[in-house]
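Let me begin by presenting the structure, written as structure tokens, before commenting on it.
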Amino acid sequence: MNVYLGIDIGSVSSNFIMMNNQKEIIKNIYRRTLGNPVKAIQTGFTDLMDGCEEVTVKGVGTTGSGRHLAATLLGADVVKNEITAHAVAAAQFYPEVRTIIEIGGQDSKIIIMRDGIVHDFAMNTVCAAGTGSFLDQQASRLNMAIEDFGGQAVKSRQSVRIAGRCGVFAESDMIHKQQMGFPVEDIMMGLCEALVRNYLNNVAKGKKIEDLVVFQGGVAANEGLRAAFEKVLGQNLHIPPYYNVMGAIGAAILALEKSQGSRQNSRYKGCDYIMDGQFLSSSHECKGCPNLCEVVAIKRDQDILAYWGDRCKKWEGSLSQTEKANLQVV
Amino acid sequence: MKVTFPHMGNMHVALKTVFKGLKIESVPPPPITKRTLELGVKYSPEFACMPMKINVGNFIEALELGADTIVMGGGWGPCRFGLYAQVEKDILKDLGFDFNMVILEAPDSKISELFKQLKSLGQNVSLLQALKTLKLAWNKLDAIEIVEKNLEYFLPRVIEKARADKLYQEAIESIDRADGKNQCYKAAFEAAKAMQELPTENQEPLKIGLVGEIYTILEPAANFEIIKLLGYMGVEVERSIYLTDWISAHLFGGYIKKTDHKSIIASAQPYLNYWVGGHGQETIGSTVGFARQKCDGVIQIAPLTCMPEIVAQAILPTVSVKEDIPCMTLWFDELSGTAGIQTRLEAFTDMIYRRKYRASNLKEA
């Protein structure tokens with residue numbers, strides 16, 4: 001069977017998708033990056049290929065903030081930003097989609113769709129308040145698994161008002177309300193509503209949220225936030241079945257489309273390449289000029305695969321053209 | 001007397017010429033690096049914008065090299081820039097530096113004022129000599145812009161982008177060294193010709209208009225070299241502000257170079273009819289201009305907390321819908337990772353590419 005892989009390496013989660021040429025999802029893996037993307041890619045990939053010895057990989061797409069790293073390790077045909085990947089995936093499940101709300105670990109986005117393509121978008125700029133990481137942090141402060149957060153929050157009958165403009169303010173507001181004796185579910189629901197207001201003011205910034213609205217990203221699992229969005233917007237939200245791996249699905253679809261449009265073979269380096277190699281990253285401060293860039297090198301055993309972080313591209317440029325072609329964006 | 005000044009793109013080339021002609025020794029600040037910004041951030045008020053932080057870093061580094069006089073622009077109006085020279089003077093004095101500060105108040109069409117201010121610096125230089133110097137400095141700026149515009153045009157088109165980049169660097173260096181008008185233009189046109197001869201990609205690149213705050217547009221260190229980032233991604237950039245246009249419009253009353261400043265301001269109507277300080281009105285006017293020129297998109301850039309650009313940003317969505325042009329705003333502040341900027345630029349480019357492609361498909365069908 002011919003398959004296409006989509007890999008989304010985000011700040012918090014690393015997601016893997018295997019798709020056949022009918023765009024049907026054969027396997028999906030959602031796991032935490034845990035601060036070590038190289039290991040996350042290796043183990044996630046091993047899990048993905050486990051029991052799938054019969055397949056032939058015809059294309060690989062990567063996305064997320066670790067997309068270049070994943071592309072280097074696996075050999076990718078498409079390296080795409082998260083906006084496009086999420087939009088492509090949402091349009092696949094909901095051709096009529098006009099608004100995509102996507103909240104991930106470190107960033108949140110709004111994507112306005114017209115006729116199946118991105119018409120306008122925005123991402124949070126300076127502050128990560130209102131993203132998954134903040135919810136995570138608050139859940140652990142309340143000594144609660146993040147998976148239970150939403151379920152608890154929707155039990156609330158009267159949410160409390162929490163300031164949502166800034167994560168620090170929100171937290172001190174929550175502590176204040178908690179010490180006054182408000183029930184914990186009311187505070188949690190209040191937080192959800194604060195995050196929704198924050199999202200609408202800081203990210204959506206007056207962009208028209210028209211039906212059909214799709215809510216995706218890891219945070220879409222949170223019932224509390226879903227309820228808060230529906231309450232504030234007065235609109236129905238559609239949660240795709242694979243809401244937490246939509247970026248990876250988008251990357252896989254893009255890889256599939258690319259492979260169908262070209263006669264070139266996939267750049268995929270094969271199972272053995274990633275599973276048998278020892279991948280190491282090392283960094284050093286380049287002393288070439290007073291910028292003192294922190295240059296990162298990714299190595300497989302002794303071979304250097306890629307450099308990152310040099311402003312002048314001196315290190316990046318030192319690799320041969322063919323290797324660079326592997327990292328080509330678009 | 002050893003004079004220094006703040007950096008703003010390639011402006012130092014012209015300023016060095018001016019001071020040399022006025023027989024004043026100058027000490028240009030070292031190129032802007034991480035250290036420059038670190039110094040600036042450490043000693044500036046937290047809520048000041050990035051241009052001021054870079055200024056402070058520039059001055060400290062130049063004073064360390066032995067400069068004893070700082071020439072800084074002044075100004076007035078709702079943009080905080082007018083106050084910066086005074087604040088910077090206090091900060092540096094508090095740090096214990098011993099120096100003299102000359103503040104050139106923006107004369108806005110009163111060239112005689114500027115002369116007076118410059119003359120107070122000069123050492124027995126005849127008026128003729130001073131005029132000659134200004135003229136050469138102007139030629140250098142003009143030649144630099146020819147090279148810059150050629151880079152903006154050819155970088156997205158050529159296959160070997162690093163080669164074009166290198167030609168640009170070399171041309172700027174030879175213009176910096178040049179003693180006469182002819183040498184300047186020779187260097188510029190040779191670089192342009194060499195870029196033209198480089199092999200190009202088949203596809204016509206997307207074109208984006210760059211609007212926003214002047215310092216962020218002109219100083220690559222303040223915008224993560226956005227023009228080059230886009231160029232390497234195969235996107236042609238046209239700026240709303242070039243240094244010579246600004247100088248001509250604001251210092252010489254528009255007499256030495258024909259600029260379209262007036263028509264830019266006119267284009268801002270009916271979206272923004274008032275001067276809101278800085279380049280807020282120009283941002284709106286230029287966006288309209290780029291839309292009517294059929295650019296594929298507009299990116300607004302500014303330092304975080306820039307008030308005039310905040311006003312403009314609030315108006316851009318309306319312009320974007322009415323003039324049918326995709327717009328995106330990027331705020332810059334101290335941040336070492338370029339990943340966030342890169343992702344947004346890629347996503348924006350992707351979007352306008354697909355929108356354009358879709359539109360042309362519909363027309364054919």
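Residues in the structure tokens are named by chain (A, B, ... in the order shown) and by number from 1 within that chain; ligands are numbered from 1 in the order shown.
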Counting only C-alpha atoms, which residues of chain B fall within 6 Å of chain A, and what is the closest atom pair for each with its distance in Å at one decimal, ordered by chain and rising number, as a tab-separated table?
```
residue	atom	partner	partner_atom	distance
B:Thr33	CA	A:Asn291	CA	4.8
B:Lys34	CA	A:Asn291	CA	4.9
B:Thr343	CA	A:Asn81	CA	5.7
B:Ala347	CA	A:Ile83	CA	5.9
B:Met351	CA	A:Val118	CA	5.7
```
Go ahead and save the residues from that selection, with all heavy atoms, as a JSON list (two decimals), in the first residue's frame.
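Written out: result.json:
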```
[["chain", "number", "residue", "atom", "x", "y", "z"],
["B", 33, "THR", "N", 24.71, 45.11, 16.39],
["B", 33, "THR", "CA", 24.77, 43.68, 16.68],
["B", 33, "THR", "C", 23.94, 43.41, 17.92],
["B", 33, "THR", "O", 23.31, 44.31, 18.47],
["B", 33, "THR", "CB", 26.21, 43.24, 16.97],
["B", 33, "THR", "OG1", 26.69, 43.98, 18.09],
["B", 33, "THR", "CG2", 27.12, 43.45, 15.79],
["B", 34, "LYS", "N", 24.00, 42.18, 18.36],
["B", 34, "LYS", "CA", 23.28, 41.78, 19.57],
["B", 34, "LYS", "C", 23.74, 42.63, 20.75],
["B", 34, "LYS", "O", 22.94, 43.00, 21.60],
["B", 34, "LYS", "CB", 23.56, 40.30, 19.85],
["B", 34, "LYS", "CG", 22.47, 39.59, 20.61],
["B", 34, "LYS", "CD", 22.52, 38.10, 20.37],
["B", 34, "LYS", "CE", 23.49, 37.41, 21.31],
["B", 34, "LYS", "NZ", 23.60, 35.97, 21.08],
["B", 343, "THR", "N", 7.57, 32.08, 10.10],
["B", 343, "THR", "CA", 6.30, 31.37, 9.94],
["B", 343, "THR", "C", 5.22, 32.30, 9.41],
["B", 343, "THR", "O", 4.49, 31.96, 8.49],
["B", 343, "THR", "CB", 5.85, 30.79, 11.29],
["B", 343, "THR", "OG1", 6.83, 29.85, 11.71],
["B", 343, "THR", "CG2", 4.51, 30.10, 11.17],
["B", 347, "ALA", "N", 3.40, 32.01, 5.84],
["B", 347, "ALA", "CA", 1.94, 31.82, 5.78],
["B", 347, "ALA", "C", 1.31, 32.91, 4.92],
["B", 347, "ALA", "O", 0.41, 32.64, 4.11],
["B", 347, "ALA", "CB", 1.35, 31.83, 7.18],
["B", 351, "MET", "N", -0.59, 32.43, 1.39],
["B", 351, "MET", "CA", -1.97, 32.86, 1.24],
["B", 351, "MET", "C", -2.13, 33.71, -0.02],
["B", 351, "MET", "O", -3.01, 33.44, -0.84],
["B", 351, "MET", "CB", -2.40, 33.66, 2.47],
["B", 351, "MET", "CG", -3.79, 34.20, 2.35],
["B", 351, "MET", "SD", -4.24, 35.18, 3.77],
["B", 351, "MET", "CE", -3.62, 36.77, 3.30]]
```
Residues near Lys140 (chain B), cut-off 7 Å, only C-alpha atoms, skip fewer than 6 positions along chain, as a list in words: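 With the cut-off at 7 Å, the set is Ala14, Ile175 and Cys184 of chain B.
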Determine which residues of region 3-112 of chain A DSSP labels as helix (DSSP H, G or I) from the backbone of this structure, then write them out as JSON, numbers by chain. {"A": [37, 38, 39, 40, 41, 42, 43, 44, 45, 46, 47, 48, 49, 67, 68, 69, 70, 71, 72, 73, 74, 82, 83, 84, 85, 86, 87, 88, 89, 90, 91, 92, 93]}
Straight-line distance linking CA of Arg267 (chain A) with CA of Ala255 (chain A), stated in Å to one decimal: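 Calculated distance between CA of Arg267 (chain A) and CA of Ala255 (chain A) is 10.8 Å.
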Write out as number ranges by chain the residues lying within 7 Å of region 54-60 of chain A, counting only C-alpha atoms and excluding same-chain residues fewer than 5 positions away. A: 1-6, 76-78, 252, 255-256, 259, 266, 268
If DSSP is run on the backbone, what residues of region 227-288 of chain A are strand (DSSP E or B)? A reply as a PyMOL selection string would be ideal. chain A and resi 237-238+279-285
Surrounding residues of region 80-87 of chain B excluding itself and chain neighbours under 3 positions, 12 Å, only C-alpha atoms, as an MDAnalysis selection string: chainID B and resid 5:6 43:45 47:56 59 70:77 90:94 100:106 213:215 277:279 305:308
Could you list, as a list in words, every residue within 8 Å of Asp8 (chain A), counting only C-alpha atoms and ignoring same-chain residues fewer than 4 positions away?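 My reading of the contact set: Ser14, Asn15, Phe16, Thr62, Thr63, Gly64, Gly66, Arg67, Val245, Gly247, Ala248 and Ala251 of chain A.
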Saved selection, atoms kept: N, CA, C and O atoms, as a PDB file, in the first residue's frame:
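After the write, again-v8.pdb holds the following:
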```pdb
ATOM      1  N   SER A  14       3.767  16.426  19.508  1.00  0.00           N
ATOM      2  CA  SER A  14       4.295  15.995  18.219  1.00  0.00           C
ATOM      3  C   SER A  14       3.303  15.007  17.648  1.00  0.00           C
ATOM      4  O   SER A  14       2.963  14.035  18.299  1.00  0.00           O
ATOM      5  N   ASN A  15       2.839  15.289  16.450  1.00  0.00           N
ATOM      6  CA  ASN A  15       1.763  14.473  15.892  1.00  0.00           C
ATOM      7  C   ASN A  15       2.180  13.835  14.577  1.00  0.00           C
ATOM      8  O   ASN A  15       2.878  14.446  13.783  1.00  0.00           O
ATOM      9  N   PHE A  16       1.725  12.618  14.387  1.00  0.00           N
ATOM     10  CA  PHE A  16       2.119  11.833  13.216  1.00  0.00           C
ATOM     11  C   PHE A  16       0.870  11.236  12.583  1.00  0.00           C
ATOM     12  O   PHE A  16      -0.019  10.757  13.270  1.00  0.00           O
ATOM     13  N   THR A  62       5.989  18.009   6.490  1.00  0.00           N
ATOM     14  CA  THR A  62       6.191  18.395   7.885  1.00  0.00           C
ATOM     15  C   THR A  62       5.663  19.807   8.118  1.00  0.00           C
ATOM     16  O   THR A  62       5.632  20.633   7.210  1.00  0.00           O
ATOM     17  N   THR A  63       5.246  20.058   9.355  1.00  0.00           N
ATOM     18  CA  THR A  63       4.779  21.383   9.728  1.00  0.00           C
ATOM     19  C   THR A  63       5.061  21.583  11.209  1.00  0.00           C
ATOM     20  O   THR A  63       5.640  20.728  11.857  1.00  0.00           O
ATOM     21  N   GLY A  64       4.650  22.746  11.739  1.00  0.00           N
ATOM     22  CA  GLY A  64       4.902  23.054  13.146  1.00  0.00           C
ATOM     23  C   GLY A  64       6.233  23.754  13.331  1.00  0.00           C
ATOM     24  O   GLY A  64       7.038  23.845  12.398  1.00  0.00           O
ATOM     25  N   GLY A  66       8.808  22.794  14.666  1.00  0.00           N
ATOM     26  CA  GLY A  66       9.954  21.906  14.446  1.00  0.00           C
ATOM     27  C   GLY A  66       9.977  21.319  13.055  1.00  0.00           C
ATOM     28  O   GLY A  66      10.568  20.260  12.832  1.00  0.00           O
ATOM     29  N   ARG A  67       9.323  21.980  12.099  1.00  0.00           N
ATOM     30  CA  ARG A  67       9.177  21.389  10.767  1.00  0.00           C
ATOM     31  C   ARG A  67      10.499  21.188  10.043  1.00  0.00           C
ATOM     32  O   ARG A  67      10.679  20.202   9.336  1.00  0.00           O
ATOM     33  N   VAL A 245      -4.686  16.537  15.631  1.00  0.00           N
ATOM     34  CA  VAL A 245      -3.593  16.235  14.694  1.00  0.00           C
ATOM     35  C   VAL A 245      -3.860  16.861  13.321  1.00  0.00           C
ATOM     36  O   VAL A 245      -3.351  16.404  12.309  1.00  0.00           O
ATOM     37  N   GLY A 247      -2.867  19.617  11.949  1.00  0.00           N
ATOM     38  CA  GLY A 247      -1.667  20.134  11.267  1.00  0.00           C
ATOM     39  C   GLY A 247      -0.972  19.019  10.504  1.00  0.00           C
ATOM     40  O   GLY A 247      -0.585  19.171   9.343  1.00  0.00           O
ATOM     41  N   ALA A 248      -0.847  17.868  11.158  1.00  0.00           N
ATOM     42  CA  ALA A 248      -0.184  16.722  10.527  1.00  0.00           C
ATOM     43  C   ALA A 248      -1.002  16.224   9.332  1.00  0.00           C
ATOM     44  O   ALA A 248      -0.442  15.867   8.287  1.00  0.00           O
ATOM     45  N   ALA A 251      -0.330  18.498   6.475  1.00  0.00           N
ATOM     46  CA  ALA A 251       0.994  18.254   5.899  1.00  0.00           C
ATOM     47  C   ALA A 251       0.965  17.016   5.008  1.00  0.00           C
ATOM     48  O   ALA A 251       1.561  17.000   3.923  1.00  0.00           O
TER      49      ALA A 251
END
```
Contact residues around Thr17 (chain B) with only C-alpha atoms at 9 Å, ignoring same-chain residues under 2 positions, as a VMD selection string: chain B and resid 12 to 15 19 to 22 133 to 134 136 to 137 140 176 179
With C-alpha atoms retained, write the just-selected residues as a CSV table (one decimal), in the first residue's frame.
```csv
chain,number,residue,atom,x,y,z
B,12,HIS,CA,26.1,56.4,7.7
B,13,VAL,CA,27.7,56.4,4.3
B,14,ALA,CA,26.2,59.8,3.5
B,15,LEU,CA,26.8,61.2,7.0
B,19,PHE,CA,31.4,65.3,8.2
B,20,LYS,CA,34.5,64.7,6.1
B,21,GLY,CA,33.6,67.6,3.9
B,22,LEU,CA,32.9,69.9,6.9
B,133,THR,CA,29.8,68.2,0.4
B,134,LEU,CA,26.0,68.0,0.8
B,136,LEU,CA,28.2,64.4,-2.8
B,137,ALA,CA,26.4,63.0,0.2
B,140,LYS,CA,25.9,58.7,-2.4
B,176,ASP,CA,31.3,54.3,0.8
B,179,ASP,CA,35.3,60.5,-3.6
```
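CA of Ile209 (chain A) is found 7.9 Å from CA of Ile112 (chain A).
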